[in-house]
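First up is the structure itself, then whatever we jot down about it.
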Amino acid sequence: MNEPPGYPIITRDNALKLGTRYQKQVAESATKLRKLAPLEDEESYVQTRVLGNYRFDYEVLEGIAHRFFVDTIGLSKMSDKQEMFASTAREIIDSYPPLVVQDLDFWRYLGLVTFRDYVFEINGRMQPGDYGGLDSQIDRWELIEGLRWAFRLAKEPNDEYLSLIREASELAGRTSNVRESYISNIIRPSWAKHQPAARAFIEVALEGEPLFDDFSKGSTKLDRKMNLFQQRVGESQNNVLLPYLDQDEAAVLFRTLK
Amino acid sequence: MAVREEGVALRPFSGVDALERTLQETVHLKVTTGVTNATISHSQAFAFEKDELLHCGLHIVLNDVEKITKAATPLVQNDGDIDWVVLAEDGVRAAVRGSQIVKTGAIGELTAEIEVARAEEPNSGLVLGHPHASRTIKFLLVHNKSIDTTSSTKPRTKGAILGAVTFDLLIQPAEETLQPIPLTDELRKEFNIDQSSWFFFKTEAEDMLDSETLDGAFQFYVDDEMLRKYSGAARSIRESFQWTLFGLVVTNLILTIHPLLKSEEAADIKPTSAINRLFQSIYSKSKDFREKWPERISQSPQAALSKALASGNAAAKIISLLESNVEEEQDDHE
């Protein structure tokens with residue numbers, strides 16, 4: 001690596017300026033845009049954050065992004081692309097240290113430069129809440145959703161936990177609400193940051209008589225069975241130190257709560 | 001002992017109160033940076049410059065290991081059933097928002113000092129290995145196995161928490177001010193507010209009490225033309241405008257927070273939250289309001305608002321603004 005020290009970031013203020021220009025592009029287009037045209041001065045919004053001597057390997061990121069865009073060609077369902085991005089986020093987690101991966105400004109860079117087309121395609125717009133133009137509701141930024149989905153569930157060798165809810169739902173003939181289930185049961189709850197506990201939750205929720213969520217119009221909270229189970233698991237963290245348990249031990253505890 | 005809102009005791013084991021008291025009295029966190037050494041106690045916080053956070057030294061200090069052991073062992077069936085754990089958890093501004101078990105061991109191996117991170121070296125791990133967000137360090141005693149027991153007041157599950165102390169490590173907020181965001185026609189459309197609206201207070205209830213930054217807790221927007229003209233206005237006009245904005249923000253804050261304070265989350269407002277810092281600053285002249293602002297707002301939002309708007313020398317400043325004359329304003333323009 002011959003790169004100088006540091007890694008690429010876009011600050012919150014610059015993200016808002018850049019994102020607003022992209023959103024303007026959407027608003028001013030006479031037809032529905034399929035892709036955004038990169039701004040010529042985009043690079044002027046990007047900065048380098050230097051912490052110690054850490055040098056960022058840009059080729060690795062380019063490789064990860066290339067694989068993602070090639071692998072998603074032909075995927076028409078947005079939820080499939082989101083699931084694919086979770087795998088990509090796992091590659092990013094594995095490729096760079098916490099110094100980089102934990103920096104929200106790095107994810108603003110990814111959202112507005114490297115994976116801009118993905119963020120735009122999924123949302124059909126470039127609003128501040130989609131890419132991190134504001135500091136609020138971080139877990140709703142498109143890429144952070146994928147990052148936490150990956151961090152909490154991905155496990156070698158085949159990342160099967162990333163897709164278990166979808167697969168079980170399809171098997172049961174349910175095709176909608178899968179993404180909402182991941183968001184409300186895995187991505188947002190604070191207890192799920194303990195990875196073995198998050199995987200154990202999925203394992204127990206889907207074994208035997210699987211629990212699914214119904215978010216359809218007219219449904220009530222009682223129809224979100226997986227979510228009700230998730231809330232019981234969340235309460236247990238007041239009394240049990242979940243990160244102290246491995247996945248099997250957490251599963252034993254959660255079975256008593258199901 | 002911590003108690004849930006519905007009255008159910010957390011950690012309902014016989015002797016847990018005495019153990020938690022002992023931990024709070026005897027377990028501390030020693031913080032070392034390039035310029036300072038400090039020791040903080042349970043539920044206290046230490047604020048770092050961002051650069052210092054990555055290189056700080058952290059040591060759990062146990063003033064009386066024997067006392068801790070004596071308070072803990074009556075809770076369990078066998079003396080060896082307890083482990084200690086040092087856990088680090090990310091604050092809300094970490095991208096991953098994860099947790100990291102830093103160290104763990106058997107209670108019989110407890111020593112007077114546990115090294116969590118060594119000063120001057122870059123700290124490592126998912127939570128300690130970055131300087132981008134605040135974090136919480138916890139020292140816990142946990143039941144280390146699952147056993148059969150007929151006693152309902154003894155732990156039987158692996159991981160059951162017997163006692164815990166927590167320490168918050170914060171990032172010193174950079175010059176934090178209430179900075180309005182320009183309200184443009186596009187934003188009015190997005191917020192679905194009237195085109196003549198010149199002010200908008202935006203917040204998401206779920207983030208408000210939790211966020212470590214003010215703009216994560218709420219954003220307030222002011223007409224973009226007003227903000228442009230503000231910088232060229234006379235000093236007394238600028239000050240009047242600032243008072244108007246301050247009044248609007250505080251009013252909106254209290255109106256929004258009042259119902260939230262009745263929720264479960266409100267019971268645990270962290271010292272790290274920006275809203276906590278803001279109200280402590282607003283009520284800095286009143287010890288009672290500064291320390292008990294959630295209770296005071298919950299009891300009477302009107303009285304809390306009145307108190308907030310009376311902060312500092314508000315009345316004297318407003319009178320001086322009313323007395324300011326035209327000549328002064330013209331001088332300011334030049």
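A note on labels: chains of the structure tokens are A, B, ... as shown, every chain counts residues from 1, and ligands are counted from 1 in their shown order.
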
Chain B contacts to chain A at 8 Å (only C-alpha atoms) as a PDB file with N, CA and C atoms, in the first residue's frame:
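As written to disk, selection02.pdb reads:
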ATOM      1  N   LEU B  10     -35.481  -6.078  39.919  1.00  0.00           N
ATOM      2  CA  LEU B  10     -34.460  -6.652  39.053  1.00  0.00           C
ATOM      3  C   LEU B  10     -33.486  -7.395  39.956  1.00  0.00           C
ATOM      4  N   ARG B  11     -32.855  -8.427  39.455  1.00  0.00           N
ATOM      5  CA  ARG B  11     -31.900  -9.225  40.242  1.00  0.00           C
ATOM      6  C   ARG B  11     -32.480  -9.566  41.618  1.00  0.00           C
ATOM      7  N   ARG B  93     -23.434   6.960  19.083  1.00  0.00           N
ATOM      8  CA  ARG B  93     -22.853   7.494  17.850  1.00  0.00           C
ATOM      9  C   ARG B  93     -21.791   6.589  17.224  1.00  0.00           C
ATOM     10  N   ALA B  94     -21.693   5.356  17.686  1.00  0.00           N
ATOM     11  CA  ALA B  94     -20.794   4.393  17.038  1.00  0.00           C
ATOM     12  C   ALA B  94     -21.564   3.748  15.888  1.00  0.00           C
ATOM     13  N   ALA B  95     -20.893   3.548  14.761  1.00  0.00           N
ATOM     14  CA  ALA B  95     -21.607   3.018  13.594  1.00  0.00           C
ATOM     15  C   ALA B  95     -22.139   1.607  13.856  1.00  0.00           C
ATOM     16  N   VAL B  96     -21.296   0.755  14.419  1.00  0.00           N
ATOM     17  CA  VAL B  96     -21.720  -0.632  14.646  1.00  0.00           C
ATOM     18  C   VAL B  96     -22.608  -0.711  15.876  1.00  0.00           C
ATOM     19  N   ARG B  97     -22.302   0.038  16.885  1.00  0.00           N
ATOM     20  CA  ARG B  97     -22.950  -0.009  18.196  1.00  0.00           C
ATOM     21  C   ARG B  97     -22.900  -1.431  18.756  1.00  0.00           C
ATOM     22  N   GLY B  98     -21.674  -1.830  19.147  1.00  0.00           N
ATOM     23  CA  GLY B  98     -21.477  -3.177  19.641  1.00  0.00           C
ATOM     24  C   GLY B  98     -21.065  -3.216  21.099  1.00  0.00           C
ATOM     25  N   SER B  99     -20.642  -4.405  21.518  1.00  0.00           N
ATOM     26  CA  SER B  99     -20.160  -4.568  22.888  1.00  0.00           C
ATOM     27  C   SER B  99     -18.888  -5.407  22.854  1.00  0.00           C
ATOM     28  N   ILE B 101     -16.427  -7.808  25.554  1.00  0.00           N
ATOM     29  CA  ILE B 101     -15.981  -8.274  26.876  1.00  0.00           C
ATOM     30  C   ILE B 101     -14.471  -8.050  26.913  1.00  0.00           C
ATOM     31  N   GLY B 125      -9.806  -3.282  20.111  1.00  0.00           N
ATOM     32  CA  GLY B 125     -11.105  -3.940  20.224  1.00  0.00           C
ATOM     33  C   GLY B 125     -12.192  -3.127  19.543  1.00  0.00           C
ATOM     34  N   LEU B 126     -13.326  -3.781  19.368  1.00  0.00           N
ATOM     35  CA  LEU B 126     -14.437  -3.161  18.639  1.00  0.00           C
ATOM     36  C   LEU B 126     -14.896  -1.857  19.291  1.00  0.00           C
ATOM     37  N   VAL B 127     -14.959  -1.819  20.616  1.00  0.00           N
ATOM     38  CA  VAL B 127     -15.474  -0.634  21.310  1.00  0.00           C
ATOM     39  C   VAL B 127     -14.339   0.298  21.731  1.00  0.00           C
ATOM     40  N   GLY B 129     -11.308   0.361  20.562  1.00  0.00           N
ATOM     41  CA  GLY B 129     -10.346   0.647  19.496  1.00  0.00           C
ATOM     42  C   GLY B 129     -10.745   1.768  18.552  1.00  0.00           C
ATOM     43  N   HIS B 130     -11.627   2.654  18.974  1.00  0.00           N
ATOM     44  CA  HIS B 130     -11.978   3.808  18.131  1.00  0.00           C
ATOM     45  C   HIS B 130     -12.346   4.993  19.025  1.00  0.00           C
ATOM     46  N   PRO B 131     -12.185   6.210  18.497  1.00  0.00           N
ATOM     47  CA  PRO B 131     -12.489   7.390  19.315  1.00  0.00           C
ATOM     48  C   PRO B 131     -13.763   8.119  18.865  1.00  0.00           C
ATOM     49  N   HIS B 132     -14.659   7.421  18.184  1.00  0.00           N
ATOM     50  CA  HIS B 132     -15.753   8.126  17.523  1.00  0.00           C
ATOM     51  C   HIS B 132     -17.026   8.279  18.345  1.00  0.00           C
ATOM     52  N   VAL B 142     -21.232 -12.098  37.923  1.00  0.00           N
ATOM     53  CA  VAL B 142     -22.310 -12.903  37.335  1.00  0.00           C
ATOM     54  C   VAL B 142     -22.222 -14.351  37.811  1.00  0.00           C
ATOM     55  N   LYS B 158     -26.986 -19.383  34.205  1.00  0.00           N
ATOM     56  CA  LYS B 158     -25.678 -18.851  33.829  1.00  0.00           C
ATOM     57  C   LYS B 158     -25.846 -17.429  33.295  1.00  0.00           C
ATOM     58  N   GLY B 159     -25.001 -16.539  33.759  1.00  0.00           N
ATOM     59  CA  GLY B 159     -25.060 -15.153  33.294  1.00  0.00           C
ATOM     60  C   GLY B 159     -25.910 -14.249  34.165  1.00  0.00           C
ATOM     61  N   ALA B 160     -26.633 -14.842  35.160  1.00  0.00           N
ATOM     62  CA  ALA B 160     -27.466 -14.002  36.040  1.00  0.00           C
ATOM     63  C   ALA B 160     -26.592 -12.933  36.695  1.00  0.00           C
ATOM     64  N   ILE B 161     -27.053 -11.692  36.627  1.00  0.00           N
ATOM     65  CA  ILE B 161     -26.252 -10.582  37.158  1.00  0.00           C
ATOM     66  C   ILE B 161     -26.484 -10.476  38.665  1.00  0.00           C
ATOM     67  N   GLU B 204     -37.487  13.328  16.799  1.00  0.00           N
ATOM     68  CA  GLU B 204     -38.050  11.979  16.793  1.00  0.00           C
ATOM     69  C   GLU B 204     -38.021  11.518  18.239  1.00  0.00           C
ATOM     70  N   ASP B 207     -35.349   9.188  19.694  1.00  0.00           N
ATOM     71  CA  ASP B 207     -33.953   9.620  19.788  1.00  0.00           C
ATOM     72  C   ASP B 207     -33.732  10.691  20.834  1.00  0.00           C
ATOM     73  N   SER B 211     -29.940  10.723  22.525  1.00  0.00           N
ATOM     74  CA  SER B 211     -28.882  11.221  21.653  1.00  0.00           C
ATOM     75  C   SER B 211     -27.787  11.936  22.431  1.00  0.00           C
ATOM     76  N   THR B 213     -25.776  14.079  20.898  1.00  0.00           N
ATOM     77  CA  THR B 213     -25.545  15.396  20.304  1.00  0.00           C
ATOM     78  C   THR B 213     -26.873  16.138  20.227  1.00  0.00           C
ATOM     79  N   ASP B 215     -27.997  18.040  17.810  1.00  0.00           N
ATOM     80  CA  ASP B 215     -28.733  17.912  16.550  1.00  0.00           C
ATOM     81  C   ASP B 215     -29.211  16.485  16.309  1.00  0.00           C
ATOM     82  N   GLY B 216     -28.724  15.539  17.103  1.00  0.00           N
ATOM     83  CA  GLY B 216     -29.312  14.203  17.057  1.00  0.00           C
ATOM     84  C   GLY B 216     -30.606  14.161  17.852  1.00  0.00           C
ATOM     85  N   ALA B 217     -30.710  15.011  18.879  1.00  0.00           N
ATOM     86  CA  ALA B 217     -31.906  15.032  19.721  1.00  0.00           C
ATOM     87  C   ALA B 217     -33.038  15.797  19.056  1.00  0.00           C
ATOM     88  N   PHE B 218     -32.695  16.914  18.440  1.00  0.00           N
ATOM     89  CA  PHE B 218     -33.707  17.697  17.738  1.00  0.00           C
ATOM     90  C   PHE B 218     -33.010  18.651  16.771  1.00  0.00           C
TER      91      PHE B 218
END

**Study point:** Residues within 7 Å of stretch 186-203 of chain B, only C-alpha atoms, excluding chain neighbours under 5 positions, as a ChimeraX atom specification
**Key:** /B:208,217-223,252

Convert the current residue selection to file output with N, CA and C atoms, as an mmCIF file, in the first residue's frame.
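What follows is the written file out02.cif:
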data_model
loop_
_atom_site.group_PDB
_atom_site.id
_atom_site.type_symbol
_atom_site.label_atom_id
_atom_site.label_comp_id
_atom_site.auth_asym_id
_atom_site.auth_seq_id
_atom_site.Cartn_x
_atom_site.Cartn_y
_atom_site.Cartn_z
ATOM 1 N N MET B 208 -34.792 11.362 21.190
ATOM 2 C CA MET B 208 -34.632 12.622 21.901
ATOM 3 C C MET B 208 -33.893 12.481 23.229
ATOM 4 N N ALA B 217 -30.710 15.011 18.879
ATOM 5 C CA ALA B 217 -31.906 15.032 19.721
ATOM 6 C C ALA B 217 -33.038 15.797 19.056
ATOM 7 N N PHE B 218 -32.695 16.914 18.440
ATOM 8 C CA PHE B 218 -33.707 17.697 17.738
ATOM 9 C C PHE B 218 -33.010 18.651 16.771
ATOM 10 N N GLN B 219 -33.753 19.128 15.792
ATOM 11 C CA GLN B 219 -33.231 20.167 14.922
ATOM 12 C C GLN B 219 -34.249 21.301 14.917
ATOM 13 N N PHE B 220 -33.749 22.521 14.945
ATOM 14 C CA PHE B 220 -34.709 23.598 14.762
ATOM 15 C C PHE B 220 -34.298 24.446 13.569
ATOM 16 N N TYR B 221 -35.318 24.722 12.787
ATOM 17 C CA TYR B 221 -35.117 25.394 11.504
ATOM 18 C C TYR B 221 -35.695 26.809 11.597
ATOM 19 N N VAL B 222 -34.978 27.745 10.988
ATOM 20 C CA VAL B 222 -35.444 29.127 10.969
ATOM 21 C C VAL B 222 -35.348 29.613 9.516
ATOM 22 N N ASP B 223 -36.331 30.384 9.122
ATOM 23 C CA ASP B 223 -36.408 30.910 7.758
ATOM 24 C C ASP B 223 -35.025 31.330 7.234
ATOM 25 N N ASN B 252 -40.709 24.479 22.915
ATOM 26 C CA ASN B 252 -40.924 23.245 22.152
ATOM 27 C C ASN B 252 -40.309 22.042 22.849
#

Check your understanding: Running DSSP on the backbone, which parts of stretch 127-283 of chain B land in strand (DSSP E), as a count of residues only?
Key -> 34

Study note, to complete from the structure: From atom CA of A:Leu75 to atom CA of A:Phe201 the spacing works out at 28.5 Å

Check your understanding: Out of B:Val102, B:Val31, B:Val76, B:Ala164, which residue has the shortest atom-to-atom distance to B:Asp17 when counting only C-alpha atoms?
Key ->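 Distance minimum relative to B:Asp17 lands on B:Ala164.
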
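Proximity ranking of A:Ala205, A:Val26, A:Thr31, A:Pro210 relative to A:Leu257 places A:Ala205 first, based on only C-alpha atoms.
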
Review point. So which residues touch A:Leu39 within 9 Å, counting only C-alpha atoms, skipping near sequence neighbours fewer than 3 positions away, as number ranges by chain?
Key: A: 18, 21-22, 36, 42-43

Those same residues, written as a CSV table (one decimal), in the first residue's frame with N, CA and C atoms?
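Listed below is the output, again.csv:
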chain,number,residue,atom,x,y,z
A,18,LEU,N,-23.7,17.9,-0.1
A,18,LEU,CA,-23.6,17.1,-1.3
A,18,LEU,C,-25.0,16.3,-1.5
A,21,ARG,N,-27.6,18.5,-3.1
A,21,ARG,CA,-27.4,18.7,-4.6
A,21,ARG,C,-27.9,17.5,-5.4
A,22,TYR,N,-27.6,16.3,-4.8
A,22,TYR,CA,-28.1,15.1,-5.5
A,22,TYR,C,-29.7,15.1,-5.5
A,36,LEU,N,-28.2,8.5,-10.5
A,36,LEU,CA,-27.7,9.9,-10.3
A,36,LEU,C,-26.5,10.1,-11.1
A,42,GLU,N,-17.5,16.4,-6.8
A,42,GLU,CA,-17.8,15.5,-5.7
A,42,GLU,C,-16.6,15.3,-4.7
A,43,GLU,N,-15.4,15.2,-5.3
A,43,GLU,CA,-14.2,15.0,-4.5
A,43,GLU,C,-13.9,16.1,-3.6

Practice item. Compile the contact shell of A:Glu203 as a ChimeraX atom specification: residues with an atom at most 12 Å away, counting only C-alpha atoms, same-chain residues fewer than 3 positions apart removed. Key: /A:153,160-165,168,196-200,206-211,226,247-248,250-252,254-255,258

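Separating atom CA of A:Gly129 from atom CA of A:Tyr45 is a distance of 18.3 Å.
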
Check your understanding: Would you give me, as a count of residues only, the residues in stretch 17-166 of chain A that DSSP reads as helix (DSSP H, G or I)?
Key -> 96

Practice item. Using atom CA of A:Phe212 and atom CA of A:Gln82 as the two end points, give the distance in Å to one decimal. Key: 19.5 Å

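Proximity ranking of B:Asp51, B:Glu89, B:Glu295, B:Asp224 relative to B:Asp168 places B:Glu89 first, based on only C-alpha atoms.
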
**Study point:** Top pick for closest residue to B:Ile40, considering B:Leu53, B:Glu115, B:Thr166, B:Ser14 and counting only C-alpha atoms
**Key:**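 Of the candidates, the smallest distance to B:Ile40 is held by B:Thr166.
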
Point to revise | Polymer residues at most 7 Å from B:Val85, only C-alpha atoms, same-chain spacing of 4 or more positions, as a list in words | key: Lys103, Thr104, Gly105, Phe139, Leu140 and Leu141 of chain B

Grab the residues selected above and save them as a JSON list (two decimals), in the first residue's frame with C-alpha atoms.
[["chain", "number", "residue", "atom", "x", "y", "z"],
["B", 103, "LYS", "CA", -11.66, -9.16, 30.61],
["B", 104, "THR", "CA", -13.24, -11.87, 32.71],
["B", 105, "GLY", "CA", -12.16, -14.25, 35.46],
["B", 139, "PHE", "CA", -17.79, -4.18, 36.05],
["B", 140, "LEU", "CA", -20.17, -7.03, 36.84],
["B", 141, "LEU", "CA", -20.34, -10.11, 39.01]]
